[in-house]
Amino acid sequence: MASPSTFSYYIPLLAFLLAFFNTASSVGNRTEIIEQFINGHNIARKAVGVPPVGWEPMLARYARVYSNERRGDCNLVHSPGYAFGENIFWGQGRRWSAKDAVDAWVAERKFYDHGNNTCSGGEDCSHYTQMVWRTTERVGCAKIICDSGDTIIACEYYPPGNYVGARPY
């Protein structure tokens with residue numbers, strides 16, 4: 001994983017991607033969507049005693065650029081880089097909100113066993129652990145409607161989390 005000091009290395013890459021790809025505006029009210037993302041993350045983080053995250057527009061643009069690449073197939077495939085942590089949500093139809101995605105990720109908390117630092121019952125809880133990763137400081141997210149009419153919501157995290165063997169908090 002990249003160290004915090006390498007973020008400046010990725011800014012030119014992100015600027016190139018933003019210039020090269022279509023970065024259409026958000027679906028819905030932008031301020032309301034950002035608040036849903038930030039508030040949901042920070043409520044979950046406060047519950048486990050880690051500092052709040054702030055919004056990062058460059059991460060949101062990265063999430064939008066990558067999500068737009070999935071517009072044609074609407075598949076839940078992670079972006080190819082390792083500079084950021086990433087959560088992706090898929091929902092059938094257009095009705096899904098930022099709050100719905102965040103709530104789905106937070107719901108994984110019931111599967112996380114902090115004592116053993118594992119997900120119980122063969123369930124995935126990595127979306128939740130990324131959300132509450134203690135060293136993550138910034139988040140940026142995007143929502144797109146796929147060609148099929150379904151929804152993809154992606155969040156990018158910096159610094160990333162989910163290091164094997166490490167505890168999120």
# chains A, B, ... in the order shown; residues from 1 in each chain; ligands from 1

call {"tool": "select_by_dssp", "arguments": {"residues": "range 38-96 of chain A", "states": "alpha helix (DSSP H)", "output": "ChimeraX atom specification"}}
result
/A:38-47,57-69

call {"tool": "closest_residue", "arguments": {"among": "A:Asn162, A:Thr151, A:Asn117, A:Asn29", "to": "Thr135 in chain A", "atoms": "only C-alpha atoms"}}
result
A:Asn162

call {"tool": "closest_residue", "arguments": {"among": "A:Asn42, A:Ser97, A:Asn68, A:Asn116", "to": "Ala166 in chain A", "atoms": "only C-alpha atoms"}}
result
A:Asn116

call {"tool": "closest_residue", "arguments": {"among": "A:Pro57, A:Gly93, A:Gly115, A:Gly121", "to": "Glu156 in chain A", "atoms": "only C-alpha atoms"}}
result
A:Pro57

call {"tool": "atom_distance", "arguments": {"atom1": "CA of Phe37 in chain A", "atom2": "CA of Val106 in chain A"}}
result
11.7 Å

call {"tool": "select_by_dssp", "arguments": {"residues": "range 114-169 of chain A", "states": "strand (DSSP E)", "output": "ChimeraX atom specification"}}
result
/A:118-119,138-145,151-158

call {"tool": "closest_residue", "arguments": {"among": "A:His114, A:Arg109, A:Arg94, A:Arg167", "to": "Ile153 in chain A", "atoms": "only C-alpha atoms"}}
result
A:Arg94

call {"tool": "residues_around", "arguments": {"residues": "Asp124 in chain A", "least_positions_apart": "5", "cutoff": "12 Å", "atoms": "only C-alpha atoms", "output": "list in words"}}
result
Ala104, Trp105, Val106, Ala107, Glu108, Arg109, Lys110, Phe111, Tyr112, Asp113, Thr118, Cys119, Thr129 and Gln130 of chain A

call {"tool": "closest_residue", "arguments": {"among": "A:Met131, A:Glu69, A:Asn75, A:Gly165", "to": "Asn39 in chain A", "atoms": "only C-alpha atoms"}}
result
A:Met131
